[in-house]
>>> print(open('input08.cif').read())   # mmCIF, C-alpha atoms
data_protein
#
loop_
_atom_site.label_atom_id
_atom_site.label_comp_id
_atom_site.auth_asym_id
_atom_site.auth_seq_id
_atom_site.Cartn_x
_atom_site.Cartn_y
_atom_site.Cartn_z
CA MET A 1 0.00 0.00 0.00
CA PRO A 2 1.22 3.55 -0.65
CA ILE A 3 2.25 5.77 2.23
CA SER A 4 -0.87 7.33 3.74
CA ASN A 5 -1.32 11.09 3.78
CA GLN A 6 -2.13 10.58 7.47
CA PHE A 7 1.30 9.10 8.17
CA THR A 8 3.49 10.70 10.86
CA SER A 9 6.70 9.30 12.33
CA ILE A 10 5.20 9.38 15.84
CA HIS A 11 1.83 7.63 15.78
CA GLN A 12 -0.88 7.80 18.43
CA GLN A 13 -4.12 5.86 18.95
CA SER A 14 -6.77 5.79 21.68
CA TYR A 15 -8.82 2.86 22.95
CA GLU A 16 -11.66 2.28 25.39
CA ILE A 17 -10.97 -0.73 27.59
CA ASP A 18 -13.30 -3.60 26.75
CA PHE A 19 -15.02 -5.69 29.46
CA PHE A 20 -13.55 -8.91 28.04
CA ALA A 21 -10.00 -7.51 28.24
CA CYS A 22 -10.19 -7.19 32.04
CA SER A 23 -8.95 -9.68 34.63
CA PRO A 24 -10.91 -10.79 37.74
CA SER A 25 -9.25 -7.87 39.57
CA GLY A 26 -11.11 -5.50 37.23
CA HIS A 27 -7.96 -4.20 35.56
CA LEU A 28 -6.76 -4.58 31.98
CA LYS A 29 -4.98 -7.90 31.49
CA TRP A 30 -1.27 -7.79 30.71
CA VAL A 31 -1.87 -9.92 27.63
CA ASP A 32 -4.50 -7.53 26.30
CA LEU A 33 -2.34 -4.50 27.02
CA CYS A 34 0.40 -6.09 24.90
CA LYS A 35 -2.15 -6.79 22.16
CA LEU A 36 -3.18 -3.14 22.08
CA ILE A 37 0.44 -2.01 21.98
CA GLN A 38 1.16 -4.28 19.03
CA SER A 39 -2.04 -3.18 17.28
CA VAL A 40 -0.74 0.39 17.37
CA SER A 41 2.55 -0.83 15.91
CA ALA A 42 0.74 -2.69 13.12
CA ASP A 43 -1.47 0.30 12.25
CA HIS A 44 1.56 2.59 12.14
CA SER A 45 3.28 0.21 9.72
CA VAL A 46 0.16 0.24 7.51
CA LEU A 47 0.17 4.05 7.36
CA GLY A 48 3.89 4.01 6.59
CA GLY A 49 3.69 1.39 3.82
CA ILE A 50 5.72 -1.34 5.56
CA SER A 51 2.87 -3.50 6.86
CA PHE A 52 2.31 -7.26 6.82
CA TRP A 53 0.54 -7.06 3.46
CA ASP A 54 3.22 -4.83 1.94
CA LEU A 55 5.98 -7.23 3.03
CA LYS A 56 4.01 -10.33 2.01
CA LYS A 57 4.47 -9.34 -1.65
CA HIS A 58 8.22 -9.83 -1.11
CA ASN A 59 7.87 -13.03 0.95
CA GLN A 60 8.82 -11.11 4.07
CA ALA A 61 7.30 -10.50 7.49
CA TRP A 62 8.01 -8.68 10.75
CA VAL A 63 8.75 -11.10 13.60
CA LEU A 64 8.96 -9.99 17.22
CA SER A 65 12.31 -10.91 18.78
CA LYS A 66 12.26 -9.11 22.14
CA PHE A 67 9.66 -7.15 24.08
CA ARG A 68 9.97 -5.36 27.42
CA ILE A 69 7.13 -3.58 29.19
CA GLU A 70 7.39 -1.66 32.47
CA LYS A 71 4.38 -0.67 34.55
CA LYS A 72 4.44 2.92 35.85
CA ALA A 73 1.01 3.14 37.52
CA GLU A 74 -2.13 1.08 38.10
CA LEU A 75 -3.44 -0.51 34.91
CA PRO A 76 -6.75 0.85 33.55
CA GLN A 77 -10.18 -0.63 34.18
CA TRP A 78 -13.26 -1.32 32.07
CA GLN A 79 -14.41 1.73 30.06
CA ASP A 80 -11.25 3.71 30.84
CA LYS A 81 -9.77 5.38 27.78
CA ILE A 82 -6.06 5.03 27.12
CA THR A 83 -3.77 6.55 24.49
CA ILE A 84 -0.74 4.72 23.08
CA SER A 85 2.08 6.48 21.23
CA THR A 86 4.73 4.69 19.18
CA TRP A 87 7.83 5.55 17.14
CA ILE A 88 10.87 3.83 15.65
CA GLU A 89 14.12 4.23 17.54
CA ARG A 90 16.23 2.34 15.02
CA LEU A 91 15.79 0.45 11.74
CA ASP A 92 18.96 -0.91 10.14
CA GLY A 93 17.27 -2.87 7.36
CA VAL A 94 17.03 -6.21 9.18
CA ARG A 95 16.19 -5.18 12.76
CA SER A 96 14.03 -2.43 14.17
CA ILE A 97 13.57 -1.11 17.71
CA ARG A 98 10.14 0.41 18.29
CA ASN A 99 9.11 2.15 21.52
CA PHE A 100 5.76 2.91 23.17
CA GLU A 101 4.17 5.05 25.87
CA VAL A 102 0.73 4.28 27.35
CA TYR A 103 -1.30 7.07 28.98
CA LEU A 104 -4.50 7.13 31.01
CA GLY A 105 -5.49 10.76 30.63
CA GLU A 106 -2.33 12.71 31.41
CA GLN A 107 -0.83 9.89 33.51
CA LEU A 108 1.89 7.65 32.06
CA ILE A 109 0.93 4.12 33.12
CA ALA A 110 3.31 1.94 31.07
CA VAL A 111 6.25 2.07 28.67
CA ALA A 112 7.51 -0.61 26.32
CA SER A 113 10.34 -1.33 23.91
CA SER A 114 10.34 -3.97 21.18
CA LEU A 115 12.89 -5.48 18.82
CA TRP A 116 11.57 -6.73 15.48
CA VAL A 117 13.33 -8.73 12.76
CA ILE A 118 12.50 -9.03 9.06
CA ILE A 119 12.41 -12.66 7.94
CA ASN A 120 11.97 -14.31 4.57
CA THR A 121 8.77 -16.32 5.04
CA GLU A 122 9.91 -19.08 2.66
CA ARG A 123 13.46 -19.53 3.94
CA ARG A 124 12.45 -18.52 7.53
CA ARG A 125 15.70 -16.56 7.79
CA PRO A 126 16.42 -12.85 8.48
CA GLU A 127 17.06 -10.59 5.50
CA LEU A 128 17.12 -6.91 4.52
CA ILE A 129 13.72 -5.24 4.25
CA ALA A 130 12.62 -4.98 0.62
CA LEU A 131 10.70 -1.73 1.15
CA PRO A 132 11.84 1.90 1.60
CA HIS A 133 11.69 3.27 5.15
CA GLU A 134 13.57 6.58 4.92
CA HIS A 135 10.34 8.50 5.47
CA PHE A 136 10.25 7.19 9.05
CA ILE A 137 12.22 9.52 11.34
CA LYS A 138 14.36 7.37 13.65
CA TYR A 139 14.33 8.76 17.20
CA THR A 140 17.61 7.30 18.45
CA ASP A 141 17.57 9.39 21.63
CA LYS A 142 13.90 8.74 22.48
CA LYS A 143 14.21 5.67 24.72
CA VAL A 144 11.58 4.81 27.31
CA THR A 145 12.41 1.78 29.48
CA GLN A 146 14.56 2.07 32.60
CA ALA A 147 16.56 -1.04 31.68
CA GLU A 148 17.74 -2.72 28.49
CA PHE A 149 16.29 -6.06 27.40
CA ALA A 150 17.02 -8.74 29.99
CA LYS A 151 19.62 -11.41 29.36
CA LEU A 152 18.62 -15.05 29.22
CA HIS A 153 18.78 -16.52 32.71
CA LYS A 154 20.31 -19.92 33.43
CA GLY A 155 19.62 -22.08 36.45
CA ALA A 156 17.60 -24.98 37.85
CA TYR A 157 14.19 -24.57 36.20
CA HIS A 158 11.38 -26.99 36.98
CA LYS A 159 8.42 -28.03 34.83
CA ILE A 160 5.06 -26.56 35.87
CA ASP A 161 2.84 -27.13 32.83
CA GLU A 162 2.58 -28.90 29.48
CA LEU A 163 0.39 -28.15 26.46
CA ARG A 164 0.01 -28.89 22.77
CA VAL A 165 -0.13 -26.11 20.15
CA LYS A 166 -3.60 -25.73 18.63
CA LEU A 167 -4.96 -23.82 15.64
CA SER A 168 -6.12 -20.95 17.87
CA ASP A 169 -2.50 -20.39 18.99
CA LEU A 170 -1.26 -19.55 15.47
CA ASP A 171 -0.99 -16.23 13.65
CA MET A 172 -0.77 -15.26 9.97
CA VAL A 173 2.93 -16.20 9.83
CA HIS A 174 1.85 -19.79 10.69
CA HIS A 175 3.60 -20.02 14.05
CA VAL A 176 2.54 -19.46 17.66
CA THR A 177 1.65 -15.79 18.08
CA ASN A 178 3.95 -14.00 20.51
CA ILE A 179 1.10 -13.00 22.84
CA LYS A 180 0.17 -16.66 23.34
CA TYR A 181 3.51 -17.41 25.04
CA LEU A 182 2.86 -14.66 27.58
CA GLU A 183 -0.65 -15.97 28.17
CA TRP A 184 0.73 -19.46 28.88
CA CYS A 185 3.25 -18.05 31.38
CA ILE A 186 0.73 -15.87 33.23
CA ASP A 187 -1.74 -18.79 33.44
CA ALA A 188 1.08 -20.96 34.82
CA ALA A 189 2.06 -18.26 37.32
CA PHE A 190 -1.52 -18.01 38.57
CA ALA A 191 -1.76 -21.80 38.85
CA CYS A 192 1.39 -21.70 41.03
CA GLN A 193 -0.33 -19.10 43.27
CA GLN A 194 1.83 -16.22 42.11
CA ALA A 195 0.33 -12.74 42.52
CA VAL A 196 0.00 -11.88 38.83
CA ASP A 197 -1.64 -8.54 39.65
CA LYS A 198 1.63 -7.48 41.29
CA ILE A 199 3.68 -7.82 38.10
CA GLN A 200 5.72 -4.67 37.42
CA VAL A 201 7.95 -5.70 34.50
CA ILE A 202 7.62 -8.29 31.73
CA ASP A 203 10.62 -8.98 29.47
CA MET A 204 10.22 -11.55 26.67
CA HIS A 205 12.61 -13.19 24.24
CA PHE A 206 11.30 -15.12 21.23
CA LEU A 207 14.05 -17.57 20.33
CA LYS A 208 12.61 -20.20 18.01
CA GLU A 209 9.38 -20.74 16.11
CA THR A 210 6.75 -23.03 17.62
CA ARG A 211 4.26 -24.70 15.30
CA ILE A 212 0.99 -26.61 15.22
CA ASN A 213 0.94 -29.86 17.28
CA ASP A 214 4.26 -29.11 19.03
CA THR A 215 4.21 -30.21 22.66
CA CYS A 216 5.41 -27.37 24.88
CA GLU A 217 6.67 -27.52 28.45
CA VAL A 218 6.51 -24.45 30.70
CA HIS A 219 9.44 -24.24 33.13
CA LEU A 220 9.85 -21.85 36.07
CA LEU A 221 12.76 -20.59 38.17
CA GLN A 222 11.95 -18.16 40.99
CA GLU A 223 14.59 -15.95 42.60
CA ASN A 224 13.33 -13.38 45.11
CA ASN A 225 10.93 -11.07 43.23
CA GLN A 226 11.91 -12.40 39.80
CA LEU A 227 10.06 -15.16 37.97
CA HIS A 228 11.97 -16.70 35.07
CA TYR A 229 10.02 -18.75 32.54
CA GLN A 230 11.10 -20.97 29.68
CA ILE A 231 8.86 -22.61 27.12
CA CYS A 232 10.60 -25.63 25.63
CA VAL A 233 9.92 -28.05 22.79
CA ASP A 234 11.92 -31.30 22.88
CA SER A 235 14.20 -29.76 25.55
CA VAL A 236 15.02 -26.77 23.30
CA VAL A 237 14.14 -23.31 24.68
CA HIS A 238 11.80 -21.51 22.27
CA PHE A 239 10.79 -18.65 24.57
CA TYR A 240 12.13 -16.92 27.69
CA CYS A 241 10.25 -14.52 29.94
CA LEU A 242 11.27 -12.54 33.00
CA MET A 243 8.54 -11.19 35.30
CA GLU A 244 9.38 -8.85 38.15
CA VAL A 245 6.75 -8.58 40.89
CA GLU A 246 6.28 -6.27 43.87
CA GLU A 247 8.12 -7.57 46.93
#
>>> encode(input="input08.cif", output="structure tokens")
Amino acid sequence: MPISNQFTSIHQQSYEIDFFACSPSGHLKWVDLCKLIQSVSADHSVLGGISFWDLKKHNQAWVLSKFRIEKKAELPQWQDKITISTWIERLDGVRSIRNFEVYLGEQLIAVASSLWVIINTERRRPELIALPHEHFIKYTDKKVTQAEFAKLHKGAYHKIDELRVKLSDLDMVHHVTNIKYLEWCIDAAFACQQAVDKIQVIDMHFLKETRINDTCEVHLLQENNQLHYQICVDSVVHFYCLMEVEE
């Protein structure tokens, strides 16, 4: 699609919180907050002419590699209206860092940073983006998170859940959608009687594609206020997640 006449390098969208996006506590679910954040990212790419459909013509797609979100204030509730802003910090042709701010009125309630990679959807390997992106201003000094992406954590993890990938877990790139991994980890945390409403930071690493009928194991390692999760297929780590909770 051509670049929209509504395109700007910093994009902003507003949403009213839906009843079905709220947890039993009455607040917006972490999973649904991440969905909204990524929806803003997708809409911005459409306006800028580098969307899923634009890349599909070149057998390419954006794939999320890392995602970190930090809570700054209480998450919104049903019928609250939030505004999400996004911009590109860096795009080198293969990788792109995109940042976000989430506001409830004038109050900043969350910030997030994401690292995306362009892959060839036939070879399933990274490659240079086939589309022009010079019209996007890159805001290299406009960072938002207090910390960089977490490093993968090693240690004595233990298995807490097992599941098989179903059709509803897949996205248009034919692998498990990134939000589904987070949903599995939060469900597992709740089942282990962790206070999921006290989560302050979520940091995710997407390491390897997971596909239909794969059997996944969810592993946990807890150290003080940090919960480390791994999702493994045949003993290979496909996904890592760090959650920091209030002490």
>>> resolve_selection(input="input08.cif", expression="the PyMOL selection byres ((chain A and resi 134-150) around 9)", output="number ranges by chain")
A: 8-10, 48, 66-70, 87-91, 99-101, 111-114, 132-133, 151-153, 203-205, 241-242
>>> resolve_selection(input="input08.cif", expression="the PyMOL selection byres ((chain A and resi 201) around 6)", output="ChimeraX atom specification")
/A:69-70,199-200,202,243-244
>>> resolve_selection(input="input08.cif", expression="the PyMOL selection byres ((chain A and resi 180) around 12)", output="ChimeraX atom specification")
/A:30-32,34-35,163,165-171,175-179,181-187,204,206,210,231,239
>>> atom_distance(input="input08.cif", atom1="CA of Ser45 (chain A)", atom2="CA of Pro126 (chain A)")
18.6 Å
>>> atom_distance(input="input08.cif", atom1="CA of Gln226 (chain A)", atom2="CA of Lys29 (chain A)")
19.4 Å
>>> atom_distance(input="input08.cif", atom1="CA of Gln13 (chain A)", atom2="CA of Trp53 (chain A)")
20.7 Å
>>> axis_aligned_box(input="input08.cif", around="region 190-195 of chain A", padding_each_side="5 Å", output="lines of an AutoDock Vina configuration file")
center_x = 0.0
center_y = -17.3
center_z = 40.9
size_x = 13.6
size_y = 19.1
size_z = 14.7
>>> residues_around(input="input08.cif", residues="Gln230 (chain A)", least_positions_apart="2", cutoff="6 Å", atoms="all atoms listed in the file", output="MDAnalysis selection string")
chainID A and resid 218:219 239:240
>>> closest_residue(input="input08.cif", among="A:Ser25, A:Trp116, A:Phe19, A:Ala61", to="Gln38 (chain A)", atoms="only C-alpha atoms")
A:Trp116
>>> closest_residue(input="input08.cif", among="A:Val94, A:Leu220, A:Ala42, A:Ile119", to="Lys56 (chain A)", atoms="all atoms listed in the file")
A:Ile119
>>> closest_residue(input="input08.cif", among="A:Ile82, A:Asp54, A:Lys71, A:Trp62", to="Asp18 (chain A)", atoms="all atoms listed in the file")
A:Ile82
